[in-house]
$ cat coords.txt   # compact mmCIF, C-alpha atoms
# COMPACT_ATOMS: atom_id res chain seq x y z
CA MET F 1 -0.54 -9.91 21.62
CA THR F 2 0.38 -10.36 17.96
CA SER F 3 -2.92 -12.01 17.15
CA THR F 4 -4.64 -9.13 18.87
CA ILE F 5 -2.85 -6.63 16.67
CA LEU F 6 -3.73 -8.62 13.56
CA ASP F 7 -7.30 -9.32 14.68
CA GLU F 8 -7.94 -5.69 15.50
CA PHE F 9 -6.53 -4.54 12.21
CA LEU F 10 -8.61 -7.02 10.21
CA ALA F 11 -11.70 -6.11 12.21
CA ARG F 12 -11.18 -2.49 11.20
CA VAL F 13 -10.82 -3.50 7.55
CA GLU F 14 -13.93 -5.69 7.75
CA GLU F 15 -15.98 -2.84 9.21
CA ARG F 16 -15.23 -0.79 6.13
CA LEU F 17 -15.96 -3.39 3.47
CA THR F 18 -19.65 -2.61 3.61
CA HIS F 19 -20.08 -2.79 -0.16
CA LEU F 20 -19.46 -6.56 -0.09
CA ASP F 21 -21.96 -9.18 0.91
CA PRO F 22 -21.11 -11.05 4.13
CA THR F 23 -19.74 -14.13 2.34
CA GLU F 24 -17.47 -12.10 0.08
CA ARG F 25 -16.36 -9.98 3.00
CA GLU F 26 -15.51 -12.99 5.11
CA GLY F 27 -13.63 -14.60 2.22
CA MET F 28 -11.60 -11.47 1.62
CA ILE F 29 -10.70 -11.10 5.27
CA ASP F 30 -9.57 -14.76 5.32
CA GLU F 31 -7.37 -14.07 2.30
CA MET F 32 -5.89 -10.98 3.90
CA ARG F 33 -5.21 -12.89 7.09
CA ALA F 34 -3.44 -15.65 5.15
CA HIS F 35 -1.44 -13.01 3.29
CA LEU F 36 -0.37 -11.23 6.46
CA GLU F 37 0.50 -14.45 8.30
CA ALA F 38 2.70 -15.54 5.40
CA ALA F 39 4.29 -12.11 5.11
CA ILE F 40 5.01 -11.94 8.85
CA ALA F 41 6.65 -15.38 8.74
CA ASP F 42 8.77 -14.37 5.73
CA ARG F 43 9.79 -11.10 7.35
CA MET F 44 10.87 -12.86 10.55
CA ALA F 45 12.79 -15.46 8.56
CA ALA F 46 14.61 -12.69 6.70
CA ASP F 47 15.43 -10.81 9.92
CA PRO F 48 15.71 -13.15 12.92
CA ALA F 49 16.29 -10.20 15.27
CA LEU F 50 12.76 -8.98 14.60
CA THR F 51 10.12 -9.82 17.20
CA ARG F 52 6.73 -11.05 16.06
CA PRO F 53 4.91 -7.87 17.15
CA GLU F 54 7.45 -5.77 15.26
CA ALA F 55 7.08 -7.90 12.14
CA THR F 56 3.29 -7.77 12.45
CA LEU F 57 3.29 -4.03 12.81
CA GLN F 58 5.60 -3.55 9.85
CA GLU F 59 3.47 -5.79 7.66
CA ILE F 60 0.26 -4.05 8.68
CA ARG F 61 1.78 -0.69 7.86
CA GLU F 62 2.83 -1.87 4.42
CA PHE F 63 -0.48 -3.62 3.82
CA GLY F 64 -2.43 -0.35 3.84
CA GLU F 65 -4.85 1.62 5.94
CA PRO F 66 -8.34 0.10 6.35
CA ASP F 67 -9.92 3.10 4.62
CA GLU F 68 -7.46 2.90 1.77
CA ILE F 69 -8.15 -0.81 1.32
CA ALA F 70 -11.90 -0.28 1.35
CA ARG F 71 -11.57 2.49 -1.25
CA ALA F 72 -9.51 0.33 -3.61
CA ARG F 73 -12.15 -0.29 -6.22
CA LEU F 74 -11.62 -0.84 -9.89
CA ASP F 75 -14.09 1.93 -10.73
CA ASP F 76 -11.83 4.46 -9.05
CA ALA F 77 -8.97 3.58 -11.34
CA LEU F 78 -11.18 3.60 -14.43
CA ALA F 79 -12.83 6.88 -13.45
CA ARG F 80 -9.48 8.62 -13.74
CA VAL F 81 -9.15 7.79 -17.42
CA PRO F 82 -9.28 10.90 -19.61
CA SER F 83 -12.34 10.64 -21.85
CA ALA F 84 -11.00 12.49 -24.88
CA ALA F 85 -8.00 10.30 -25.66
CA PRO F 86 -8.38 8.46 -28.97
CA VAL F 87 -8.32 4.70 -29.30
CA SER F 88 -8.34 2.57 -32.40
CA PRO F 89 -11.35 0.23 -32.60
CA SER F 90 -9.25 -2.34 -34.40
CA ALA F 91 -6.93 -2.58 -31.42
CA LEU F 92 -9.64 -4.14 -29.29
CA PRO F 93 -11.68 -7.35 -29.45
CA GLN F 94 -15.17 -6.77 -30.81
CA HIS F 95 -17.27 -7.73 -27.79
CA ARG F 96 -19.75 -4.92 -27.24
CA SER F 97 -20.34 -5.58 -23.55
CA ARG F 98 -16.64 -5.65 -22.72
CA ARG F 99 -15.58 -2.77 -24.83
CA PRO F 100 -15.91 0.05 -22.30
CA LEU F 101 -13.67 -1.84 -19.93
CA LEU F 102 -11.14 -2.59 -22.63
CA VAL F 103 -11.07 1.00 -23.80
CA ALA F 104 -10.67 2.21 -20.24
CA LEU F 105 -7.85 -0.19 -19.49
CA ALA F 106 -6.12 0.67 -22.74
CA LEU F 107 -6.38 4.38 -22.01
CA ILE F 108 -4.91 3.95 -18.56
CA VAL F 109 -1.98 2.19 -20.14
CA ALA F 110 -1.68 4.74 -22.92
CA ALA F 111 -1.54 7.54 -20.38
CA SER F 112 1.15 5.95 -18.34
CA VAL F 113 3.62 3.72 -20.07
CA GLY F 114 6.66 5.85 -20.84
CA ILE F 115 7.01 7.50 -17.49
CA ALA F 116 6.39 4.16 -15.78
CA ALA F 117 9.54 2.87 -17.41
CA TYR F 118 11.36 5.95 -16.13
CA LEU F 119 9.99 5.46 -12.63
CA MET F 120 11.11 1.86 -12.61
CA GLN F 121 14.67 3.14 -12.78
CA SER F 122 14.26 5.11 -9.59
CA PRO F 123 16.73 4.32 -6.81
CA GLU F 124 15.83 1.88 -4.05
CA PRO F 125 13.85 3.45 -1.18
CA THR F 126 15.99 4.64 1.71
CA PRO F 127 15.19 3.86 5.37
CA PRO F 128 13.23 6.51 7.27
CA LEU F 129 15.00 9.31 9.09
CA TYR F 130 13.79 7.98 12.44
CA ASP F 131 12.07 4.69 13.24
CA ARG F 132 11.72 3.34 16.77
CA PHE F 133 9.47 0.63 18.11
CA PHE F 134 8.72 0.35 21.84
CA GLN F 135 7.30 -2.76 23.46
CA LEU F 136 5.67 -2.18 26.86
CA GLU F 137 4.72 -4.82 29.38
CA ASP F 138 2.88 -3.15 32.21
CA GLU F 139 5.54 -0.52 32.29
CA THR F 140 5.79 2.99 33.62
CA GLY F 141 8.35 5.19 31.99
CA VAL F 142 9.49 8.08 29.88
CA VAL F 143 11.06 7.99 26.44
CA LYS F 144 13.10 10.99 25.41
CA ASP F 145 14.71 11.01 22.01
CA VAL F 146 15.66 13.28 19.15
CA PHE F 147 15.89 13.16 15.39
CA VAL F 148 17.53 15.66 13.09
CA VAL F 149 15.81 17.12 10.07
CA SER F 150 18.10 18.36 7.34
CA ALA F 151 18.00 21.83 5.86
CA HIS F 152 17.17 20.21 2.51
CA ALA F 153 13.92 18.64 3.72
CA ALA F 154 10.95 19.89 1.72
CA PHE F 155 8.49 17.77 3.70
CA LEU F 156 8.58 15.93 6.98
CA THR F 157 6.10 13.17 7.75
CA ILE F 158 5.74 11.83 11.27
CA ASP F 159 3.78 8.61 11.78
CA ILE F 160 2.64 7.57 15.23
CA ASP F 161 1.20 4.10 15.73
CA VAL F 162 -0.06 3.05 19.10
CA GLY F 163 -1.27 -0.44 19.97
CA LEU F 164 -1.90 -0.37 23.71
CA ARG F 165 -4.50 -2.26 25.70
CA PRO F 166 -7.84 -0.45 25.37
CA SER F 167 -7.63 1.03 28.86
CA ASP F 168 -3.96 2.08 28.57
CA CYS F 169 -2.74 5.43 27.32
CA LEU F 170 0.44 7.36 26.71
CA SER F 171 1.15 11.02 26.29
CA LEU F 172 3.33 12.26 23.48
CA VAL F 173 4.91 15.61 22.75
CA ILE F 174 7.09 16.23 19.72
CA LYS F 175 8.74 19.62 19.48
CA ASP F 176 10.42 21.31 16.57
CA PRO F 177 13.88 22.92 16.94
CA ALA F 178 12.26 26.20 18.06
CA GLY F 179 10.55 24.39 20.94
CA ARG F 180 7.06 24.52 19.44
CA ALA F 181 4.98 21.46 20.26
CA VAL F 182 3.89 20.27 16.81
CA VAL F 183 2.47 17.07 18.32
CA ASN F 184 0.87 17.42 21.71
CA GLU F 185 -1.25 14.40 22.62
CA SER F 186 -2.17 14.07 26.26
CA ALA F 187 -3.83 10.65 25.90
CA LEU F 188 -3.23 8.26 23.02
CA CYS F 189 -5.23 5.24 24.16
CA GLY F 190 -5.74 1.76 22.74
CA MET F 191 -5.14 1.42 19.00
CA VAL F 192 -4.64 4.78 17.33
CA GLN F 193 -2.70 6.17 14.44
CA ARG F 194 -1.65 9.70 13.65
CA GLU F 195 0.11 11.07 10.63
CA VAL F 196 1.35 14.62 10.58
CA ARG F 197 3.09 16.36 7.74
CA TYR F 198 5.12 19.54 7.77
CA SER F 199 7.13 21.64 5.41
CA PRO F 200 10.25 22.22 7.55
CA ARG F 201 12.04 24.40 5.07
CA ALA F 202 9.09 26.76 4.77
CA ASP F 203 8.60 26.88 8.53
CA GLY F 204 12.27 27.04 9.48
CA GLN F 205 12.10 23.72 11.29
CA ALA F 206 15.36 22.11 10.19
CA GLY F 207 17.44 20.85 13.11
CA SER F 208 16.83 18.69 16.18
CA TRP F 209 13.29 17.61 16.92
CA SER F 210 12.59 16.19 20.37
CA ILE F 211 10.30 13.36 21.38
CA ASP F 212 8.85 12.98 24.86
CA ALA F 213 6.57 10.01 25.48
CA ARG F 214 5.23 9.04 28.91
CA TYR F 215 3.20 6.06 30.03
CA GLU F 216 2.06 4.49 33.25
CA ARG F 217 1.47 0.77 33.70
CA ALA F 218 0.94 0.46 30.00
CA GLY F 219 0.94 -2.77 28.01
CA GLY F 220 1.34 -3.06 24.24
CA TRP F 221 3.54 -1.11 21.90
CA PHE F 222 4.01 2.13 20.09
CA ARG F 223 6.10 3.20 17.19
CA ILE F 224 7.25 6.56 15.92
CA THR F 225 8.68 7.11 12.47
CA ALA F 226 9.77 10.31 10.83
CA ASP F 227 10.83 10.71 7.25
CA GLU F 228 11.86 13.64 5.20
CA GLU F 229 11.45 14.23 1.51
CA ARG F 230 14.09 16.36 -0.08
CA GLY F 231 13.15 18.72 -2.79
CA MET Q 1 0.35 23.25 -8.40
CA VAL Q 2 3.24 21.49 -10.10
CA GLU Q 3 3.50 19.02 -7.21
CA LYS Q 4 -0.19 18.19 -7.60
CA TYR Q 5 0.27 17.66 -11.31
CA VAL Q 6 3.26 15.37 -10.78
CA ALA Q 7 1.37 13.47 -8.09
CA ARG Q 8 -1.58 12.99 -10.43
CA VAL Q 9 0.62 11.80 -13.30
CA GLU Q 10 2.41 9.38 -11.01
CA ARG Q 11 -0.87 8.11 -9.61
CA ASP Q 12 -2.27 7.51 -13.10
CA ILE Q 13 0.92 5.82 -14.20
CA GLY Q 14 0.74 3.57 -11.19
CA ALA Q 15 -2.91 2.67 -11.80
CA GLY Q 16 -2.36 1.74 -15.43
CA ALA Q 17 0.85 -0.15 -14.91
CA LEU Q 18 -0.61 -1.98 -11.92
CA HIS Q 19 -3.53 -3.38 -13.88
CA VAL Q 20 -1.46 -4.53 -16.83
CA LEU Q 21 1.10 -6.08 -14.51
CA LEU Q 22 -1.61 -7.77 -12.45
CA LEU Q 23 -3.24 -9.37 -15.47
CA GLY Q 24 0.11 -10.28 -17.02
CA LEU Q 25 1.35 -12.01 -13.89
CA ILE Q 26 -1.91 -13.89 -13.34
CA SER Q 27 -1.66 -15.07 -16.94
CA ARG Q 28 1.96 -16.13 -16.57
CA LEU Q 29 1.88 -17.59 -13.06
CA GLY Q 30 -1.76 -18.58 -12.52
CA PRO Q 31 -3.32 -20.32 -10.80
CA ILE Q 32 -1.62 -18.25 -8.12
CA HIS Q 33 -2.67 -17.15 -4.65
CA GLY Q 34 -2.82 -13.50 -3.59
CA TYR Q 35 0.35 -13.38 -1.51
CA ALA Q 36 2.50 -14.95 -4.22
CA LEU Q 37 0.93 -12.68 -6.82
CA ILE Q 38 1.61 -9.53 -4.81
CA ARG Q 39 5.19 -10.62 -4.10
CA ALA Q 40 5.69 -11.21 -7.80
CA MET Q 41 4.34 -7.73 -8.54
CA THR Q 42 6.82 -6.19 -6.12
CA GLU Q 43 9.76 -8.27 -7.31
CA THR Q 44 9.05 -7.69 -10.99
CA THR Q 45 9.09 -3.93 -10.58
CA HIS Q 46 11.85 -3.92 -7.92
CA GLY Q 47 9.47 -1.98 -5.68
CA ALA Q 48 9.21 0.93 -8.11
CA LEU Q 49 5.49 0.49 -8.63
CA GLU Q 50 4.01 1.79 -5.42
CA PHE Q 51 0.92 0.04 -4.18
CA ARG Q 52 -0.39 -1.31 -0.91
CA ALA Q 53 -0.82 -5.06 -0.81
CA GLY Q 54 -4.18 -4.70 0.89
CA THR Q 55 -5.62 -2.77 -2.04
CA ILE Q 56 -5.06 -5.64 -4.45
CA TYR Q 57 -7.65 -7.95 -2.88
CA PRO Q 58 -10.67 -5.70 -3.52
CA ILE Q 59 -9.46 -5.26 -7.11
CA LEU Q 60 -9.14 -9.02 -7.57
CA ASN Q 61 -12.64 -9.35 -6.18
CA GLU Q 62 -14.00 -6.94 -8.77
CA LEU Q 63 -12.07 -8.56 -11.60
CA GLU Q 64 -13.67 -11.81 -10.56
CA ARG Q 65 -17.12 -10.24 -10.60
CA MET Q 66 -16.47 -9.07 -14.16
CA ASP Q 67 -15.38 -12.56 -15.20
CA ILE Q 68 -11.85 -11.37 -15.98
CA VAL Q 69 -10.33 -13.68 -13.36
CA ARG Q 70 -11.75 -16.76 -11.71
CA SER Q 71 -10.78 -18.19 -8.37
CA ALA Q 72 -10.65 -21.60 -6.77
CA ARG Q 73 -10.05 -22.75 -3.22
CA VAL Q 74 -7.12 -25.12 -2.94
CA ARG Q 75 -5.77 -27.02 0.01
CA SER Q 76 -2.79 -25.59 1.80
CA GLU Q 77 -0.06 -27.75 3.34
CA ASN Q 78 -0.01 -25.75 6.54
CA GLY Q 79 -3.08 -23.70 7.16
CA PRO Q 80 -6.57 -23.15 5.83
CA PRO Q 81 -7.44 -23.49 2.11
CA ARG Q 82 -6.06 -20.69 -0.06
CA LYS Q 83 -7.80 -18.93 -2.91
CA THR Q 84 -5.98 -19.01 -6.23
CA TYR Q 85 -6.59 -16.86 -9.29
CA GLU Q 86 -6.29 -17.40 -13.01
CA LEU Q 87 -7.47 -15.53 -16.09
CA THR Q 88 -10.73 -16.44 -17.79
CA GLU Q 89 -11.18 -16.37 -21.55
CA THR Q 90 -12.41 -12.77 -21.21
CA GLY Q 91 -9.38 -11.98 -19.07
CA ARG Q 92 -7.05 -13.30 -21.75
CA GLU Q 93 -8.75 -11.10 -24.34
CA VAL Q 94 -8.47 -8.07 -22.06
CA LEU Q 95 -4.79 -8.79 -21.49
CA ALA Q 96 -4.13 -9.29 -25.20
CA ALA Q 97 -5.77 -5.94 -26.03
CA THR Q 98 -4.01 -4.00 -23.27
CA ALA Q 99 -0.65 -5.64 -24.01
CA ARG Q 100 -0.91 -4.65 -27.68
CA ARG Q 101 -1.69 -1.11 -26.66
CA TRP Q 102 1.07 -1.10 -24.05
CA ARG Q 103 3.73 -2.19 -26.53
CA LYS Q 104 2.61 0.32 -29.12
CA VAL Q 105 2.60 3.26 -26.73
CA HIS Q 106 5.77 2.13 -24.97
CA THR Q 107 7.66 2.10 -28.24
CA GLY Q 108 6.62 5.67 -29.03
CA VAL Q 109 7.18 7.11 -25.58
CA ALA Q 110 10.49 5.31 -25.05
CA ALA Q 111 11.72 6.57 -28.40
CA THR Q 112 10.70 10.13 -27.51
CA LEU Q 113 12.31 10.06 -24.07
CA GLY Q 114 15.39 8.37 -25.48
CA SER Q 115 15.83 10.99 -28.19
CA MET Q 116 15.46 13.77 -25.62
CA GLY Q 117 18.37 12.41 -23.58
CA GLY Q 118 16.34 13.44 -20.51
CA PRO Q 119 16.27 12.14 -16.98
CA ARG Q 120 16.80 8.44 -16.44

$ encode --input "coords.txt" --output "structure tokens"
Amino acid sequence: MTSTILDEFLARVEERLTHLDPTEREGMIDEMRAHLEAAIADRMAADPALTRPEATLQEIREFGEPDEIARARLDDALARVPSAAPVSPSALPQHRSRRPLLVALALIVAASVGIAAYLMQSPEPTPPLYDRFFQLEDETGVVKDVFVVSAHAAFLTIDIDVGLRPSDCLSLVIKDPAGRAVVNESALCGMVQREVRYSPRADGQAGSWSIDARYERAGGWFRITADEERG
Amino acid sequence: MVEKYVARVERDIGAGALHVLLLGLISRLGPIHGYALIRAMTETTHGALEFRAGTIYPILNELERMDIVRSARVRSENGPPRKTYELTETGREVLAATARRWRKVHTGVAATLGSMGGPR
């Protein structure tokens, strides 16, 4: 099961690395696999209560979305450099062919340093408001749960990850405190992800949110997390 | 509008800091494999520098193409061979230039923020 989760994830990443030649692509996927295997082992060692599928899922989530990974190109970072910022020629080595890169890297740094130091003093991240993982083994059932969104929440993000067998599905309804179905999925099948974001304060949605998930003879897992940002 | 501006500033800060940190750690710890490098990046910044581990590998690949880092495959005690990274001569020059710039700017910005007595 765990290898399936990992294999499917890496297959999705590989599909998107179209800008690489096959050898490079294969090498990068091997590296990512080695990374994830090591990270899963470390995570399980740090938390023996964690099952392997849970650890795998957590690592995959932290590793990044396939699209995000495929987009991570150096050019993107360099393209964001403001062109008008001055730079002293004497500050850089005099290699003509490398100079644009050096200037770009230096400008990125120049644009960012002070506030980076400030950000590094930010408090440790807090756990999400709601985070539940469900493992299903050919099961039929209903999950009903609630989470409470505070009146101070500026944004609410709900992540839904489903890793069922390709032919298995579940239905999911998440309602806000007024009873409006803000998530209403009649069939989440196979491997799917959803992310939904709300502004509870603007929409008067502080309070108890309800979750209703139903599945029939389903095998695999699903996970629901909700987190609020206060502002 | 303000949120977008803050998000953009934070994104640019992250991009710049990430590249300097990446090169600095490869210089200090290389040859080093990707997982150890990414862990070191997280530990060094205590998680304050937000990045997804998966996005580092394409960047390493491009740095290698530009001859800023070079890689080698080394045997692993338990598992397939692992790829390790170290800086090339060009990479050391890039790091030296960016580090000089970093220190210079950091001194000025830190002094300004310090004198303002602003948020910490």

$ atom_distance --input "coords.txt" --atom1 "CA of Val182 in chain F" --atom2 "CA of Glu3 in chain Q"
24.1 Å

$ residues_around --input "coords.txt" --residues "range 88-93 of chain Q" --least-positions-apart "5" --cutoff "8 Å" --atoms "all atoms listed in the file" --output "VMD selection string"
(chain F and resid 93) or (chain Q and resid 23 27 67 to 70)

$ residues_near_point --input "coords.txt" --point "(-0.2, -6.2, -21.9)" --cutoff "12 Å" --atoms "all atoms listed in the file" --output "PyMOL selection string"
(chain F and resi 102+105-106+108-110+113) or (chain Q and resi 16-28+91-106)

$ write_last_selection --input "coords.txt" --atoms "C-alpha atoms" --output "PDB file, keeping the file's coordinate frame"
ATOM      1  CA  LEU F 102     -11.140  -2.590 -22.630  1.00  0.00           C
ATOM      2  CA  LEU F 105      -7.850  -0.190 -19.490  1.00  0.00           C
ATOM      3  CA  ALA F 106      -6.120   0.670 -22.740  1.00  0.00           C
ATOM      4  CA  ILE F 108      -4.910   3.950 -18.560  1.00  0.00           C
ATOM      5  CA  VAL F 109      -1.980   2.190 -20.140  1.00  0.00           C
ATOM      6  CA  ALA F 110      -1.680   4.740 -22.920  1.00  0.00           C
ATOM      7  CA  VAL F 113       3.620   3.720 -20.070  1.00  0.00           C
TER       8      VAL F 113
ATOM      9  CA  GLY Q  16      -2.360   1.740 -15.430  1.00  0.00           C
ATOM     10  CA  ALA Q  17       0.850  -0.150 -14.910  1.00  0.00           C
ATOM     11  CA  LEU Q  18      -0.610  -1.980 -11.920  1.00  0.00           C
ATOM     12  CA  HIS Q  19      -3.530  -3.380 -13.880  1.00  0.00           C
ATOM     13  CA  VAL Q  20      -1.460  -4.530 -16.830  1.00  0.00           C
ATOM     14  CA  LEU Q  21       1.100  -6.080 -14.510  1.00  0.00           C
ATOM     15  CA  LEU Q  22      -1.610  -7.770 -12.450  1.00  0.00           C
ATOM     16  CA  LEU Q  23      -3.240  -9.370 -15.470  1.00  0.00           C
ATOM     17  CA  GLY Q  24       0.110 -10.280 -17.020  1.00  0.00           C
ATOM     18  CA  LEU Q  25       1.350 -12.010 -13.890  1.00  0.00           C
ATOM     19  CA  ILE Q  26      -1.910 -13.890 -13.340  1.00  0.00           C
ATOM     20  CA  SER Q  27      -1.660 -15.070 -16.940  1.00  0.00           C
ATOM     21  CA  ARG Q  28       1.960 -16.130 -16.570  1.00  0.00           C
ATOM     22  CA  GLY Q  91      -9.380 -11.980 -19.070  1.00  0.00           C
ATOM     23  CA  ARG Q  92      -7.050 -13.300 -21.750  1.00  0.00           C
ATOM     24  CA  GLU Q  93      -8.750 -11.100 -24.340  1.00  0.00           C
ATOM     25  CA  VAL Q  94      -8.470  -8.070 -22.060  1.00  0.00           C
ATOM     26  CA  LEU Q  95      -4.790  -8.790 -21.490  1.00  0.00           C
ATOM     27  CA  ALA Q  96      -4.130  -9.290 -25.200  1.00  0.00           C
ATOM     28  CA  ALA Q  97      -5.770  -5.940 -26.030  1.00  0.00           C
ATOM     29  CA  THR Q  98      -4.010  -4.000 -23.270  1.00  0.00           C
ATOM     30  CA  ALA Q  99      -0.650  -5.640 -24.010  1.00  0.00           C
ATOM     31  CA  ARG Q 100      -0.910  -4.650 -27.680  1.00  0.00           C
ATOM     32  CA  ARG Q 101      -1.690  -1.110 -26.660  1.00  0.00           C
ATOM     33  CA  TRP Q 102       1.070  -1.100 -24.050  1.00  0.00           C
ATOM     34  CA  ARG Q 103       3.730  -2.190 -26.530  1.00  0.00           C
ATOM     35  CA  LYS Q 104       2.610   0.320 -29.120  1.00  0.00           C
ATOM     36  CA  VAL Q 105       2.600   3.260 -26.730  1.00  0.00           C
ATOM     37  CA  HIS Q 106       5.770   2.130 -24.970  1.00  0.00           C
TER      38      HIS Q 106
END

$ atom_distance --input "coords.txt" --atom1 "CA of Pro200 in chain F" --atom2 "CA of Arg230 in chain F"
10.4 Å

$ atom_distance --input "coords.txt" --atom1 "CA of Arg75 in chain Q" --atom2 "CA of Met28 in chain F"
16.7 Å

$ axis_aligned_box --input "coords.txt" --around "range 29-34 of chain Q" --padding-each-side "8 Å" --output "lines of an AutoDock Vina configuration file"
center_x = -0.7
center_y = -16.9
center_z = -8.3
size_x = 21.2
size_y = 22.8
size_z = 25.5

$ closest_residue --input "coords.txt" --among "Q:Lys83, Q:Val109, Q:Lys4, Q:Gly114" --to "Pro31 in chain Q" --atoms "all atoms listed in the file"
Q:Lys83

$ closest_residue --input "coords.txt" --among "Q:Asn61, Q:Asn78, Q:Thr42, Q:Thr112" --to "Ile29 in chain F" --atoms "only C-alpha atoms"
Q:Asn61

$ closest_residue --input "coords.txt" --among "F:Val183, F:Ala226, F:Met44, F:Ile60" --to "chain Q" --atoms "all atoms listed in the file"
F:Ile60
